[in-house]
Structures are given as structure tokens and as C-alpha cells.
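Undergrad: File query.txt follows (compact mmCIF, C-alpha atoms):
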```txt
# COMPACT_ATOMS: atom_id res chain seq x y z
CA VAL M 11 130.00 120.09 112.85
CA ASP M 12 127.36 121.93 114.87
CA SER M 13 124.10 120.51 113.51
CA SER M 14 122.01 123.38 114.87
CA ALA M 15 123.85 125.94 112.71
CA PRO M 16 121.97 127.61 109.82
CA ALA M 17 123.85 125.46 107.28
CA TYR M 18 127.02 123.46 106.70
CA TYR M 19 127.63 121.83 103.31
CA VAL M 20 130.35 119.16 103.34
CA GLY M 21 131.61 118.24 99.87
CA PHE M 22 133.30 115.05 98.62
CA SER M 23 134.56 113.64 95.34
CA VAL M 24 134.44 109.86 94.81
CA PHE M 25 136.31 107.76 92.24
CA VAL M 26 135.67 104.01 92.05
CA ALA M 27 137.07 101.36 89.68
CA ARG M 28 137.18 97.58 89.45
CA ALA M 29 134.70 97.26 92.31
CA SER M 30 133.17 93.79 92.47
CA ASN M 31 131.30 94.12 95.76
CA ALA M 32 129.70 97.14 97.47
CA LEU M 33 130.58 100.82 96.97
CA PRO M 34 131.93 103.60 99.20
CA CYS M 35 129.38 105.84 100.93
CA ILE M 36 129.36 109.32 102.44
CA GLY M 37 127.42 110.25 105.56
CA PHE M 38 127.78 111.13 109.22
CA MET M 39 127.88 109.73 112.73
CA ASP M 40 126.88 111.14 116.10
CA ALA M 41 130.04 112.97 117.21
CA THR M 42 128.86 113.24 120.82
CA SER M 43 129.39 109.49 121.18
CA LEU M 44 133.13 109.91 120.53
CA ALA M 45 133.51 111.53 123.94
CA SER M 46 131.86 108.62 125.69
CA THR M 47 134.17 106.24 127.54
CA SER M 48 131.83 103.39 126.59
CA PHE M 49 132.47 103.89 122.86
CA PRO M 50 135.46 101.77 121.74
CA SER M 51 137.81 103.51 119.30
CA VAL M 52 138.19 100.26 117.35
CA ALA M 53 134.53 100.62 116.33
CA LEU M 54 135.52 103.48 114.01
CA ALA M 55 136.95 100.84 111.67
CA ASP M 56 133.42 99.47 111.17
CA ASP M 57 130.67 100.81 108.94
CA LEU M 58 128.60 102.34 111.73
CA SER M 59 125.68 103.00 109.39
CA ARG M 60 125.11 99.23 109.22
CA PRO M 61 124.53 98.16 112.85
CA LYS M 62 125.23 94.52 113.45
CA ALA M 63 122.33 92.17 114.11
CA GLY M 64 121.21 92.38 117.69
CA GLY M 65 123.45 95.34 118.40
CA SER M 66 123.21 99.09 118.49
CA GLY M 67 125.70 101.90 118.19
CA PRO M 68 125.79 105.64 117.66
CA LEU M 69 123.48 107.20 115.11
CA ALA M 70 125.03 106.95 111.65
CA ILE M 71 123.47 107.32 108.19
CA SER M 72 125.20 106.79 104.86
CA CYS M 73 124.44 107.44 101.21
CA CYS M 74 126.10 105.79 98.22
CA PRO M 75 126.25 108.67 95.70
CA LEU M 76 126.73 106.22 92.83
CA SER M 77 123.67 104.03 93.44
CA GLY M 78 121.56 106.35 95.59
CA GLN M 79 121.22 103.75 98.35
CA LEU M 80 120.66 104.98 101.91
CA ILE M 81 121.61 102.93 104.96
CA GLY M 82 121.06 103.75 108.61
CA ALA M 83 118.63 103.74 111.51
CA PRO M 84 118.19 105.76 114.68
CA PRO M 85 119.36 103.79 117.74
CA GLU M 86 116.87 102.95 120.43
CA GLY M 87 115.81 106.06 122.33
CA SER M 88 116.75 108.47 119.53
CA VAL M 89 114.62 111.61 119.31
CA GLY M 90 115.19 112.00 115.57
CA GLN M 91 113.35 110.33 112.73
CA LEU M 92 113.99 109.03 109.23
CA LEU M 93 112.09 110.87 106.52
CA GLN M 94 111.09 109.92 102.99
CA GLY M 95 112.99 112.83 101.47
CA GLY M 96 110.30 114.92 99.79
CA ASP M 97 110.68 118.49 101.03
CA LEU M 98 107.04 119.31 100.35
CA ASP M 99 105.67 116.33 102.25
CA LEU M 100 107.89 115.33 105.16
CA GLN M 101 106.47 111.93 106.01
CA PRO M 102 108.27 109.87 108.67
CA ALA M 103 109.36 106.35 107.86
CA GLU M 104 106.83 103.70 108.86
CA ASP M 105 109.24 102.09 111.29
CA ASN M 106 112.32 103.71 112.83
CA SER M 107 113.53 100.47 114.40
CA LEU M 108 117.00 99.03 113.98
CA HIS M 109 116.20 96.75 111.06
CA LYS M 110 114.07 99.22 109.04
CA CYS M 111 117.09 100.95 107.60
CA CYS M 112 117.38 100.72 103.80
CA ALA M 113 116.06 103.03 101.09
CA PHE M 114 116.92 104.20 97.58
CA LEU M 115 116.87 107.81 96.46
CA ASN M 116 114.98 108.71 93.32
CA TRP M 117 118.27 109.28 91.49
CA PRO M 118 119.57 107.59 88.32
CA ASP M 119 121.96 104.74 89.11
CA SER M 120 125.43 105.84 87.94
CA TRP M 121 127.06 102.46 88.48
CA ASP M 122 126.91 100.06 85.53
CA GLU M 123 129.16 97.67 83.62
CA LYS M 124 130.82 100.57 81.80
CA GLY M 125 131.40 102.39 85.06
CA ARG M 126 133.20 99.42 86.56
CA ARG M 127 136.28 100.56 84.62
CA GLY M 128 136.20 103.86 86.50
CA THR M 129 133.48 106.24 87.64
CA ARG M 130 133.90 109.62 89.31
CA LEU M 131 131.18 111.55 91.11
CA VAL M 132 130.98 114.77 93.09
CA GLY M 133 128.56 114.94 96.01
CA GLY M 134 128.06 116.09 99.54
CA LEU M 135 125.77 116.38 102.51
CA LEU M 136 123.94 119.37 103.92
CA ILE M 137 123.47 119.72 107.67
CA GLU M 138 121.01 122.51 108.34
CA LYS M 139 119.15 123.32 111.57
CA GLY M 140 119.15 119.71 112.74
CA LYS M 141 118.22 118.23 109.35
CA LEU M 142 120.21 116.10 106.88
CA SER M 143 120.07 115.91 103.10
CA PHE M 144 122.39 114.68 100.33
CA TYR M 145 123.55 116.14 97.00
CA ARG M 146 125.05 114.66 93.83
CA MET M 147 126.17 116.16 90.54
CA ASP M 148 124.89 114.34 87.44
CA GLY M 149 126.74 113.80 84.17
CA ASP M 150 125.52 117.11 82.74
CA GLY M 151 126.84 119.14 85.67
CA HIS M 152 123.42 119.56 87.33
CA TRP M 153 122.95 119.07 91.06
CA LEU M 154 120.41 116.58 92.40
CA HIS M 155 118.99 116.88 95.92
CA SER M 156 117.64 114.06 98.09
CA GLY M 157 115.23 116.19 100.07
CA ILE M 158 115.38 115.95 103.87
CA ILE M 159 116.32 112.42 104.94
CA TYR M 160 116.66 112.83 108.71
CA GLU M 161 115.32 115.35 111.20
CA GLY M 162 116.47 115.73 114.80
CA LEU M 163 120.26 115.34 114.45
CA PRO M 164 122.46 115.16 117.55
CA SER M 165 124.00 118.49 118.60
CA SER M 166 127.32 117.56 116.97
CA VAL M 167 127.93 115.26 113.99
CA ALA M 168 131.08 114.04 112.23
CA PRO M 169 131.09 113.66 108.42
CA CYS M 170 132.34 110.17 107.49
CA ILE M 171 133.27 107.84 104.68
CA PHE M 172 131.75 104.37 105.13
CA MET M 173 132.93 101.16 103.44
CA SER M 174 131.59 97.67 103.99
CA ASN M 175 132.78 94.50 102.20
CA PHE M 176 134.38 96.65 99.51
CA GLU M 177 136.65 95.06 96.90
CA GLY M 178 138.33 97.20 94.26
CA PHE M 179 139.88 100.68 94.00
CA ALA M 180 138.36 103.75 95.64
CA ARG M 181 139.54 107.30 96.20
CA VAL M 182 137.39 109.66 98.25
CA ARG M 183 138.48 113.25 98.74
CA PHE M 184 137.08 115.84 101.11
CA SER M 185 136.55 119.02 99.06
CA GLY M 186 135.67 121.48 101.81
CA VAL M 187 133.00 122.91 104.06
CA GLY M 188 130.78 125.80 103.02
CA ARG M 189 127.78 127.70 104.30
CA GLU M 190 125.72 127.28 101.13
CA ALA M 191 124.50 124.19 99.28
CA PRO M 192 124.98 123.88 95.49
CA GLN M 193 122.45 125.46 93.14
CA LEU M 194 119.88 122.86 92.12
CA CYS M 195 118.80 121.93 88.61
CA PRO M 196 115.36 123.61 88.10
CA GLN M 197 114.07 120.52 86.27
CA CYS M 198 115.34 118.00 88.84
CA GLY M 199 112.79 118.54 91.62
CA ASN M 200 111.01 115.32 90.68
CA MET M 201 114.14 113.37 91.67
CA GLN M 202 113.77 114.17 95.36
CA GLY M 203 112.68 111.58 97.86
CA CYS M 204 112.92 107.80 98.14
CA THR M 205 111.54 105.46 95.51
CA ARG M 206 109.68 103.18 97.94
CA GLY M 207 110.49 104.55 101.37
CA TRP M 208 112.56 102.95 104.13
CA ARG M 209 112.35 99.19 104.54
CA SER M 210 114.11 96.26 106.14
CA ARG M 211 117.72 95.63 105.19
CA ARG M 212 117.15 91.95 105.92
CA GLY M 213 115.29 91.47 102.65
CA THR M 214 116.36 91.97 99.05
CA GLN M 215 117.84 95.43 98.52
CA THR M 216 116.42 96.61 95.21
CA ARG M 217 114.80 99.75 93.93
```
What would the structure in this file look like if it were written as C-alpha cells?

TA:
Amino acid sequence: VDSSAPAYYVGFSVFVARASNALPCIGFMDATSLASTSFPSVALADDLSRPKAGGSGPLAISCCPLSGQLIGAPPEGSVGQLLQGGDLDLQPAEDNSLHKCCAFLNWPDSWDEKGRRGTRLVGGLLIEKGKLSFYRMDGDGHWLHSGIIYEGLPSSVAPCIFMSNFEGFARVRFSGVGREAPQLCPQCGNMQGCTRGWRSRRGTQTR
């Protein structure tokens, strides 16, 4: 996908059941790195949004539409920056380093004990003029918006499904690419942004 285009909305549907550890995520990776001879194809089997300790890879950011968790960090030398998500106040994250890479969106958590028997969600990501944001439909059919999460995307990005340490059943379906994002719920503007901003993934990951 050309990230400099006016807008590309990439839609997904996610169904998860009997998951005892972790959840599937949607997101993107830097597609320009795929053409590099130094990028091993076997690395595509990894969750690139969770760089291994002491290592670095292509830019990748993921969002779990069920829990609202964000994972990712710009690699060293990246010109882009993580943002807190509020469209009206685009504040950069305090630290864009490798280990400052966890945040939670101000969305209701849709994953609970009842949902462990089977939960389905519809969501997607919007790539617009070098900026990234996420969408999710709530139980009443209203669309929630993350606000802008990253600014300064690479020239080309590849939408991805990320899974790390997952146990259970998951079905993720690509539902298409459009030029327009979903219509937002007029009363849901207060759900944009991150609850406490980006912070280290080394510590406890809670809201």
C-alpha cells in the first residue's frame, strides 16, 4: 500500500475462541524492507511488531482489536514517531526507543470470560498521507477510532496479521481495501487516544 496516498482503509474480521494465551493482532510492516537482501524471509513467521531483546527489525506496529493493546516501536534511525492517538492534540510518545513500545487504546475491552467461548470483531486500519490509525466496530454497530497512532510511515507498507504465543482457535479474514474509512459514532470521540500513553513492554502490561 502506498502510504502517501490520500487514504487506504484495510478491513479485517477476527473470530477468536478458546484462547488461553495472547490474541491475534492486525497492523502493518515496512514493505520496503521486503526488497532488501539483508531481510531473511524466515523472519516473516515472527511477530515483527515485538522486536526481540537487543535486536531490531523493520518498522511494524500491531493492534489487538479485542483488547485495544498496541505493540510496536520505530527502529533506530526511523524518521517517524509514535503518537498518543488524540487527533486534536498530537503529542509524540515520551520515548521512541525500542523498549518503549506498549500502549492501550481508550476502547472497552471486548475479551472476557464469556468471550473465551467465541468472540467476533470487525476492524481495520487507515493509512492516510503517511499516518496510521485503527478502527473497531463495537457491539452496537458503532465504529470506534484510535486517533492517529503513528506519523511518518515508510513509502510502502504491508498490512499484516500478527500472532505471538497464541493458543486456541483464530480466524482472521481480509475484507477488502477502500478509499474511505467507516463513519464514526458521533458520541464516541472520547474513546480516542491511549489511556496512559506509550510505555515499556518490559514491565507489567495493564491499562

Undergrad: May I have the residues within 12 Å of M:Phe22 as a ChimeraX atom specification, using all atoms listed in the file and disregarding those fewer than 6 positions away in the same chain?

TA: /M:34-37,73-75,130-136,144-147,169-171,181-188

Undergrad: Measuring atom to atom with only C-alpha atoms, identify which of M:Ala70, M:Asp148, M:Tyr18, M:Phe176 is nearest to M:Asp119.

TA: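 For M:Asp119, the nearest of the candidates is M:Asp148.
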
Undergrad: Please compute the atom CA of M:Ser143-atom CA of M:Gln202 distance, one decimal, in Å.

TA: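 Taking atom CA of M:Ser143 and atom CA of M:Gln202, their separation equals 10.1 Å.
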
Undergrad: Quote the spacing between atom CA of M:Asn116 and atom CA of M:Gln94 in Å to one decimal place.

TA: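 Answer for the atom CA of M:Asn116 to atom CA of M:Gln94 separation: 10.5 Å.
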
Undergrad: In Å, rounded to a single decimal, give me how far atom CA of M:Pro68 is from atom CA of M:Pro164.

TA: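 A separation of 10.1 Å between them.
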
Undergrad: Given the choices M:Pro118, M:Gly82, M:Gly67, M:Pro16, which gets closest to M:Ser156 if the distance is worked out from only C-alpha atoms?

TA: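 Ranking M:Pro118, M:Gly82, M:Gly67, M:Pro16 by distance to M:Ser156, first place goes to M:Pro118.
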
Undergrad: If we count all atoms listed in the file, what is near M:Gly178 at a cut-off of 12 Å, once residues fewer than 2 positions away on the same chain are taken out, given as a list in words?

TA: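 My reading of the contact set: Phe25, Val26, Ala27, Arg28, Ala29, Ser30, Asn31, Ala32, Leu33, Pro34, Arg126, Arg127, Gly128, Met173, Ser174, Asn175, Phe176, Ala180 and Arg181 of chain M.
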
Undergrad: Residues near M:Asp12, anyone? I mean within 8 Å using all atoms listed in the file, not counting same-chain ones fewer than 4 positions away, as a PyMOL selection string.

TA: chain M and resi 165-167

Undergrad: When you look at M:Ile159 with a cut-off of 6 Å (counting all atoms listed in the file), what residues show up, excluding the ones that are within fewer than 5 positions of it in the same chain? I need them as a PyMOL selection string.

TA: chain M and resi 92-93+95+142-143

Undergrad: For each of M:Leu80, M:Ala191, M:Leu69, M:Cys204, take the minimum atom-to-atom distance to M:Gly21, counting all atoms listed in the file, then give the residue where this is smallest.

TA: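 Ranking M:Leu80, M:Ala191, M:Leu69, M:Cys204 by distance to M:Gly21, first place goes to M:Ala191.
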
Undergrad: My list of candidates is M:Pro85, M:Ser13, M:His155, M:Lys139. Which is closest to M:Gln197 when distances are computed with all atoms listed in the file?

TA: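 Counting all atoms listed in the file, the residue closest to M:Gln197 is M:His155.
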